[in-house]
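Quick look at coords_6.cif (mmCIF, N, CA and C atoms and all ligand atoms):
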```
data_model
#
loop_
_atom_site.label_atom_id
_atom_site.label_comp_id
_atom_site.auth_asym_id
_atom_site.auth_seq_id
_atom_site.Cartn_x
_atom_site.Cartn_y
_atom_site.Cartn_z
N MET A 894 -54.63 -69.68 -12.34
CA MET A 894 -53.47 -68.92 -12.82
C MET A 894 -52.83 -69.65 -14.00
N SER A 895 -52.59 -68.92 -15.07
CA SER A 895 -51.98 -69.51 -16.26
C SER A 895 -50.46 -69.50 -16.14
N LYS A 896 -49.87 -70.33 -16.97
CA LYS A 896 -48.42 -70.36 -17.04
C LYS A 896 -48.00 -70.21 -18.50
N ILE A 897 -47.06 -69.32 -18.74
CA ILE A 897 -46.60 -69.10 -20.10
C ILE A 897 -45.16 -69.58 -20.24
N SER A 898 -44.80 -69.86 -21.48
CA SER A 898 -43.40 -70.18 -21.75
C SER A 898 -43.02 -69.64 -23.12
N VAL A 899 -41.72 -69.47 -23.33
CA VAL A 899 -41.20 -68.96 -24.60
C VAL A 899 -40.38 -70.06 -25.25
N ASP A 900 -40.74 -70.37 -26.49
CA ASP A 900 -39.96 -71.35 -27.25
C ASP A 900 -38.80 -70.61 -27.91
N GLN A 901 -37.60 -70.88 -27.43
CA GLN A 901 -36.42 -70.16 -27.94
C GLN A 901 -36.13 -70.46 -29.41
N ASP A 902 -36.69 -71.54 -29.92
CA ASP A 902 -36.50 -71.83 -31.34
C ASP A 902 -37.29 -70.87 -32.23
N PHE A 903 -38.34 -70.27 -31.65
CA PHE A 903 -39.20 -69.36 -32.42
C PHE A 903 -38.93 -67.89 -32.11
N CYS A 904 -38.43 -67.59 -30.91
CA CYS A 904 -38.21 -66.20 -30.53
C CYS A 904 -37.17 -65.56 -31.43
N GLN A 905 -37.54 -64.42 -32.02
CA GLN A 905 -36.64 -63.67 -32.90
C GLN A 905 -36.27 -62.32 -32.31
N ALA A 906 -36.45 -62.18 -31.00
CA ALA A 906 -36.04 -60.97 -30.27
C ALA A 906 -36.79 -59.71 -30.72
N HIS A 907 -38.06 -59.86 -31.06
CA HIS A 907 -38.84 -58.67 -31.42
C HIS A 907 -39.04 -57.74 -30.23
N GLY A 908 -39.10 -58.30 -29.04
CA GLY A 908 -39.18 -57.48 -27.83
C GLY A 908 -40.54 -56.94 -27.48
N ARG A 909 -41.57 -57.31 -28.22
CA ARG A 909 -42.91 -56.79 -27.89
C ARG A 909 -43.39 -57.30 -26.55
N CYS A 910 -42.99 -58.51 -26.21
CA CYS A 910 -43.47 -59.11 -24.96
C CYS A 910 -42.96 -58.35 -23.74
N TYR A 911 -41.67 -58.08 -23.67
CA TYR A 911 -41.17 -57.39 -22.47
C TYR A 911 -41.44 -55.90 -22.51
N ALA A 912 -41.72 -55.33 -23.71
CA ALA A 912 -42.15 -53.93 -23.76
C ALA A 912 -43.56 -53.79 -23.20
N ARG A 913 -44.43 -54.72 -23.56
CA ARG A 913 -45.83 -54.63 -23.15
C ARG A 913 -46.06 -55.22 -21.75
N PHE A 914 -45.33 -56.27 -21.42
CA PHE A 914 -45.52 -56.95 -20.13
C PHE A 914 -44.17 -57.10 -19.40
N PRO A 915 -43.61 -55.99 -18.95
CA PRO A 915 -42.30 -56.06 -18.29
C PRO A 915 -42.34 -56.83 -16.97
N GLU A 916 -43.54 -56.99 -16.43
CA GLU A 916 -43.65 -57.77 -15.19
C GLU A 916 -43.58 -59.27 -15.44
N LEU A 917 -43.69 -59.67 -16.70
CA LEU A 917 -43.68 -61.10 -17.03
C LEU A 917 -42.41 -61.58 -17.72
N PHE A 918 -41.70 -60.63 -18.39
CA PHE A 918 -40.56 -61.03 -19.21
C PHE A 918 -39.33 -60.17 -18.94
N ASP A 919 -38.20 -60.80 -19.10
CA ASP A 919 -36.93 -60.08 -19.18
C ASP A 919 -36.30 -60.47 -20.53
N ALA A 920 -35.19 -59.83 -20.86
CA ALA A 920 -34.51 -60.15 -22.12
C ALA A 920 -33.11 -60.66 -21.82
N ASP A 921 -32.65 -61.60 -22.64
CA ASP A 921 -31.26 -62.03 -22.48
C ASP A 921 -30.35 -61.09 -23.28
N ASP A 922 -29.07 -61.37 -23.34
CA ASP A 922 -28.11 -60.47 -23.98
C ASP A 922 -28.39 -60.25 -25.46
N GLU A 923 -29.10 -61.17 -26.07
CA GLU A 923 -29.40 -61.06 -27.50
C GLU A 923 -30.82 -60.57 -27.75
N GLY A 924 -31.51 -60.15 -26.68
CA GLY A 924 -32.86 -59.61 -26.82
C GLY A 924 -33.95 -60.65 -26.85
N ARG A 925 -33.60 -61.90 -26.62
CA ARG A 925 -34.63 -62.94 -26.58
C ARG A 925 -35.32 -62.93 -25.23
N ALA A 926 -36.57 -63.32 -25.25
CA ALA A 926 -37.40 -63.23 -24.05
C ALA A 926 -37.13 -64.36 -23.07
N LEU A 927 -37.13 -63.99 -21.80
CA LEU A 927 -37.06 -64.94 -20.69
C LEU A 927 -38.26 -64.69 -19.81
N THR A 928 -38.91 -65.73 -19.35
CA THR A 928 -40.04 -65.53 -18.46
C THR A 928 -39.55 -65.28 -17.04
N LEU A 929 -40.31 -64.47 -16.32
CA LEU A 929 -40.03 -64.21 -14.91
C LEU A 929 -40.99 -65.04 -14.06
N ASP A 930 -40.64 -65.27 -12.82
CA ASP A 930 -41.52 -65.98 -11.88
C ASP A 930 -41.99 -67.32 -12.42
N GLY A 931 -41.12 -68.00 -13.16
CA GLY A 931 -41.49 -69.32 -13.67
C GLY A 931 -42.60 -69.29 -14.69
N GLY A 932 -42.86 -68.11 -15.27
CA GLY A 932 -43.89 -67.99 -16.30
C GLY A 932 -45.31 -67.88 -15.76
N LEU A 933 -45.45 -67.74 -14.45
CA LEU A 933 -46.80 -67.62 -13.88
C LEU A 933 -47.41 -66.26 -14.22
N VAL A 934 -48.64 -66.27 -14.69
CA VAL A 934 -49.35 -65.06 -15.09
C VAL A 934 -50.39 -64.73 -14.02
N PRO A 935 -50.30 -63.55 -13.40
CA PRO A 935 -51.29 -63.18 -12.38
C PRO A 935 -52.69 -63.11 -12.99
N ASP A 936 -53.70 -63.30 -12.14
CA ASP A 936 -55.08 -63.36 -12.63
C ASP A 936 -55.55 -62.06 -13.26
N ASN A 937 -54.91 -60.95 -12.96
CA ASN A 937 -55.34 -59.68 -13.54
C ASN A 937 -54.79 -59.46 -14.95
N ILE A 938 -54.03 -60.40 -15.46
CA ILE A 938 -53.51 -60.32 -16.83
C ILE A 938 -54.08 -61.47 -17.64
N ASP A 939 -54.60 -61.13 -18.83
CA ASP A 939 -55.18 -62.13 -19.73
C ASP A 939 -54.05 -62.85 -20.47
N ALA A 940 -53.88 -64.13 -20.19
CA ALA A 940 -52.79 -64.89 -20.82
C ALA A 940 -52.94 -64.93 -22.33
N GLY A 941 -54.17 -64.84 -22.82
CA GLY A 941 -54.38 -64.82 -24.27
C GLY A 941 -53.77 -63.58 -24.90
N GLU A 942 -53.86 -62.46 -24.19
CA GLU A 942 -53.24 -61.23 -24.68
C GLU A 942 -51.73 -61.37 -24.71
N VAL A 943 -51.19 -62.02 -23.70
CA VAL A 943 -49.74 -62.21 -23.63
C VAL A 943 -49.27 -63.06 -24.81
N VAL A 944 -49.97 -64.14 -25.06
CA VAL A 944 -49.63 -65.02 -26.18
C VAL A 944 -49.70 -64.26 -27.50
N ALA A 945 -50.73 -63.42 -27.64
CA ALA A 945 -50.98 -62.72 -28.91
C ALA A 945 -49.96 -61.63 -29.20
N VAL A 946 -49.20 -61.20 -28.19
CA VAL A 946 -48.29 -60.07 -28.40
C VAL A 946 -47.07 -60.47 -29.25
N CYS A 947 -46.80 -61.75 -29.38
CA CYS A 947 -45.61 -62.19 -30.13
C CYS A 947 -45.95 -62.50 -31.58
N PRO A 948 -45.32 -61.81 -32.52
CA PRO A 948 -45.60 -62.07 -33.94
C PRO A 948 -45.03 -63.39 -34.45
N GLU A 949 -44.17 -64.01 -33.67
CA GLU A 949 -43.58 -65.29 -34.07
C GLU A 949 -44.27 -66.49 -33.44
N ALA A 950 -45.31 -66.23 -32.66
CA ALA A 950 -46.01 -67.29 -31.94
C ALA A 950 -45.05 -68.10 -31.05
N ALA A 951 -44.08 -67.39 -30.48
CA ALA A 951 -43.11 -68.07 -29.62
C ALA A 951 -43.62 -68.28 -28.19
N ILE A 952 -44.69 -67.53 -27.84
CA ILE A 952 -45.21 -67.62 -26.47
C ILE A 952 -46.42 -68.54 -26.46
N THR A 953 -46.41 -69.47 -25.53
CA THR A 953 -47.57 -70.36 -25.37
C THR A 953 -48.01 -70.32 -23.92
N SER A 954 -49.27 -70.65 -23.71
CA SER A 954 -49.77 -70.67 -22.34
C SER A 954 -50.41 -72.01 -22.05
N ALA A 955 -50.37 -72.40 -20.78
CA ALA A 955 -50.98 -73.66 -20.35
C ALA A 955 -51.80 -73.40 -19.11
FE1 LIG B 1 -39.35 -63.10 -28.68
FE2 LIG B 1 -41.82 -62.79 -29.40
FE3 LIG B 1 -40.95 -61.60 -27.28
S1 LIG B 1 -40.10 -62.89 -30.77
S2 LIG B 1 -38.79 -61.21 -27.66
S3 LIG B 1 -41.11 -63.81 -27.56
S4 LIG B 1 -42.35 -60.73 -28.77
#
```
Show me the file's structure as structure tokens.
Amino acid sequence: MSKISVDQDFCQAHGRCYARFPELFDADDEGRALTLDGGLVPDNIDAGEVVAVCPEAAITSA
């Protein structure tokens, strides 16, 4: 199982992550992404796709 995180220094609140993967992300009051469940990505979701959804490269996976 992969783990993702959002670098708040890079997040510009584009919202693509929580639009595409609402099970993985929530938004704060300013529209910046917050990870749910500690950033754990279920095996049925490709973490590479999750990382690629952000145009600011704010999402990383480990
Ligand atoms: Fe932020 Fe990227 Fe999502 S800019 S809101 S992490 S698509």
For ligand LIG 1 (chain B), what centre and edge lengths in Å (one decimal) does the axis-aligned box get once 3 Å is added on each side of all its listed atoms, as JSON?
```
{"center_x": -40.6, "center_y": -62.3, "center_z": -29.0, "size_x": 9.6, "size_y": 9.1, "size_z": 9.5}
```
* Within-10 Å residues of ligand LIG 1 (chain B), basis only C-alpha atoms and all ligand atoms, as a ChimeraX atom specification -> /A:898-914,918-921,923-928,943-953
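Computed from the coordinates, the atom C of Ser895 in chain A to atom N of Asp922 in chain A distance equals 24.0 Å.
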* To do: In Å, rounded to a single decimal, give me how far atom N of Leu929 in chain A is from CA of Glu916 in chain A.
  =>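 Between CA of Glu916 in chain A and atom N of Leu929 in chain A the gap works out to 7.6 Å.
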* To do: Quick one: pick out all strand (DSSP E) residues within chain A from a backbone DSSP run and write them as a VMD selection string.
  => chain A and resid 895 to 899 918 to 920 926 to 928 933 to 934 952 to 954
Expected file: the selected residues, N, CA and C atoms, as a compact mmCIF listing (two decimals), in the coordinates of the input:
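Listing of part_39.txt after writing:
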```txt
# COMPACT_ATOMS: atom_id res chain seq x y z
N SER A 895 -52.59 -68.92 -15.07
CA SER A 895 -51.98 -69.51 -16.26
C SER A 895 -50.46 -69.50 -16.14
N LYS A 896 -49.87 -70.33 -16.97
CA LYS A 896 -48.42 -70.36 -17.04
C LYS A 896 -48.00 -70.21 -18.50
N ILE A 897 -47.06 -69.32 -18.74
CA ILE A 897 -46.60 -69.10 -20.10
C ILE A 897 -45.16 -69.58 -20.24
N SER A 898 -44.80 -69.86 -21.48
CA SER A 898 -43.40 -70.18 -21.75
C SER A 898 -43.02 -69.64 -23.12
N VAL A 899 -41.72 -69.47 -23.33
CA VAL A 899 -41.20 -68.96 -24.60
C VAL A 899 -40.38 -70.06 -25.25
N PHE A 918 -41.70 -60.63 -18.39
CA PHE A 918 -40.56 -61.03 -19.21
C PHE A 918 -39.33 -60.17 -18.94
N ASP A 919 -38.20 -60.80 -19.10
CA ASP A 919 -36.93 -60.08 -19.18
C ASP A 919 -36.30 -60.47 -20.53
N ALA A 920 -35.19 -59.83 -20.86
CA ALA A 920 -34.51 -60.15 -22.12
C ALA A 920 -33.11 -60.66 -21.82
N ALA A 926 -36.57 -63.32 -25.25
CA ALA A 926 -37.40 -63.23 -24.05
C ALA A 926 -37.13 -64.36 -23.07
N LEU A 927 -37.13 -63.99 -21.80
CA LEU A 927 -37.06 -64.94 -20.69
C LEU A 927 -38.26 -64.69 -19.81
N THR A 928 -38.91 -65.73 -19.35
CA THR A 928 -40.04 -65.53 -18.46
C THR A 928 -39.55 -65.28 -17.04
N LEU A 933 -45.45 -67.74 -14.45
CA LEU A 933 -46.80 -67.62 -13.88
C LEU A 933 -47.41 -66.26 -14.22
N VAL A 934 -48.64 -66.27 -14.69
CA VAL A 934 -49.35 -65.06 -15.09
C VAL A 934 -50.39 -64.73 -14.02
N ILE A 952 -44.69 -67.53 -27.84
CA ILE A 952 -45.21 -67.62 -26.47
C ILE A 952 -46.42 -68.54 -26.46
N THR A 953 -46.41 -69.47 -25.53
CA THR A 953 -47.57 -70.36 -25.37
C THR A 953 -48.01 -70.32 -23.92
N SER A 954 -49.27 -70.65 -23.71
CA SER A 954 -49.77 -70.67 -22.34
C SER A 954 -50.41 -72.01 -22.05
```
* Atom pair atom C of Lys896 in chain A / CA of Leu933 in chain A: separation (Å) ->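 Straight-line distance from atom C of Lys896 in chain A to CA of Leu933 in chain A works out to 5.4 Å.
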* Got a sec to tell me which of chain A DSSP assigns to alpha helix (DSSP H), as an MDAnalysis selection string? -> chainID A and resid 909:913 940:945
Could you write range 935-946 of chain A as an mmCIF file, keeping the file's coordinate frame, with N, CA, C and O atoms rebuilt where they are missing?
```cif
data_model
loop_
_atom_site.group_PDB
_atom_site.id
_atom_site.type_symbol
_atom_site.label_atom_id
_atom_site.label_comp_id
_atom_site.auth_asym_id
_atom_site.auth_seq_id
_atom_site.Cartn_x
_atom_site.Cartn_y
_atom_site.Cartn_z
ATOM 1 N N PRO A 935 -50.300 -63.550 -13.400
ATOM 2 C CA PRO A 935 -51.290 -63.180 -12.380
ATOM 3 C C PRO A 935 -52.690 -63.110 -12.990
ATOM 4 O O PRO A 935 -52.850 -62.883 -14.185
ATOM 5 N N ASP A 936 -53.700 -63.300 -12.140
ATOM 6 C CA ASP A 936 -55.080 -63.360 -12.630
ATOM 7 C C ASP A 936 -55.550 -62.060 -13.260
ATOM 8 O O ASP A 936 -56.515 -62.069 -14.026
ATOM 9 N N ASN A 937 -54.910 -60.950 -12.960
ATOM 10 C CA ASN A 937 -55.340 -59.680 -13.540
ATOM 11 C C ASN A 937 -54.790 -59.460 -14.950
ATOM 12 O O ASN A 937 -55.042 -58.424 -15.556
ATOM 13 N N ILE A 938 -54.030 -60.400 -15.460
ATOM 14 C CA ILE A 938 -53.510 -60.320 -16.830
ATOM 15 C C ILE A 938 -54.080 -61.470 -17.640
ATOM 16 O O ILE A 938 -54.079 -62.625 -17.197
ATOM 17 N N ASP A 939 -54.600 -61.130 -18.830
ATOM 18 C CA ASP A 939 -55.180 -62.130 -19.730
ATOM 19 C C ASP A 939 -54.050 -62.850 -20.470
ATOM 20 O O ASP A 939 -53.345 -62.251 -21.288
ATOM 21 N N ALA A 940 -53.880 -64.130 -20.190
ATOM 22 C CA ALA A 940 -52.790 -64.890 -20.820
ATOM 23 C C ALA A 940 -52.940 -64.930 -22.330
ATOM 24 O O ALA A 940 -51.937 -64.988 -23.054
ATOM 25 N N GLY A 941 -54.170 -64.840 -22.820
ATOM 26 C CA GLY A 941 -54.380 -64.820 -24.270
ATOM 27 C C GLY A 941 -53.770 -63.580 -24.900
ATOM 28 O O GLY A 941 -53.241 -63.646 -26.013
ATOM 29 N N GLU A 942 -53.860 -62.460 -24.190
ATOM 30 C CA GLU A 942 -53.240 -61.230 -24.680
ATOM 31 C C GLU A 942 -51.730 -61.370 -24.710
ATOM 32 O O GLU A 942 -51.056 -60.858 -25.606
ATOM 33 N N VAL A 943 -51.190 -62.020 -23.700
ATOM 34 C CA VAL A 943 -49.740 -62.210 -23.630
ATOM 35 C C VAL A 943 -49.270 -63.060 -24.810
ATOM 36 O O VAL A 943 -48.313 -62.721 -25.495
ATOM 37 N N VAL A 944 -49.970 -64.140 -25.060
ATOM 38 C CA VAL A 944 -49.630 -65.020 -26.180
ATOM 39 C C VAL A 944 -49.700 -64.260 -27.500
ATOM 40 O O VAL A 944 -48.824 -64.399 -28.370
ATOM 41 N N ALA A 945 -50.730 -63.420 -27.640
ATOM 42 C CA ALA A 945 -50.980 -62.720 -28.910
ATOM 43 C C ALA A 945 -49.960 -61.630 -29.200
ATOM 44 O O ALA A 945 -49.845 -61.185 -30.347
ATOM 45 N N VAL A 946 -49.200 -61.200 -28.190
ATOM 46 C CA VAL A 946 -48.290 -60.070 -28.400
ATOM 47 C C VAL A 946 -47.070 -60.470 -29.250
ATOM 48 O O VAL A 946 -46.418 -59.609 -29.832
#
```
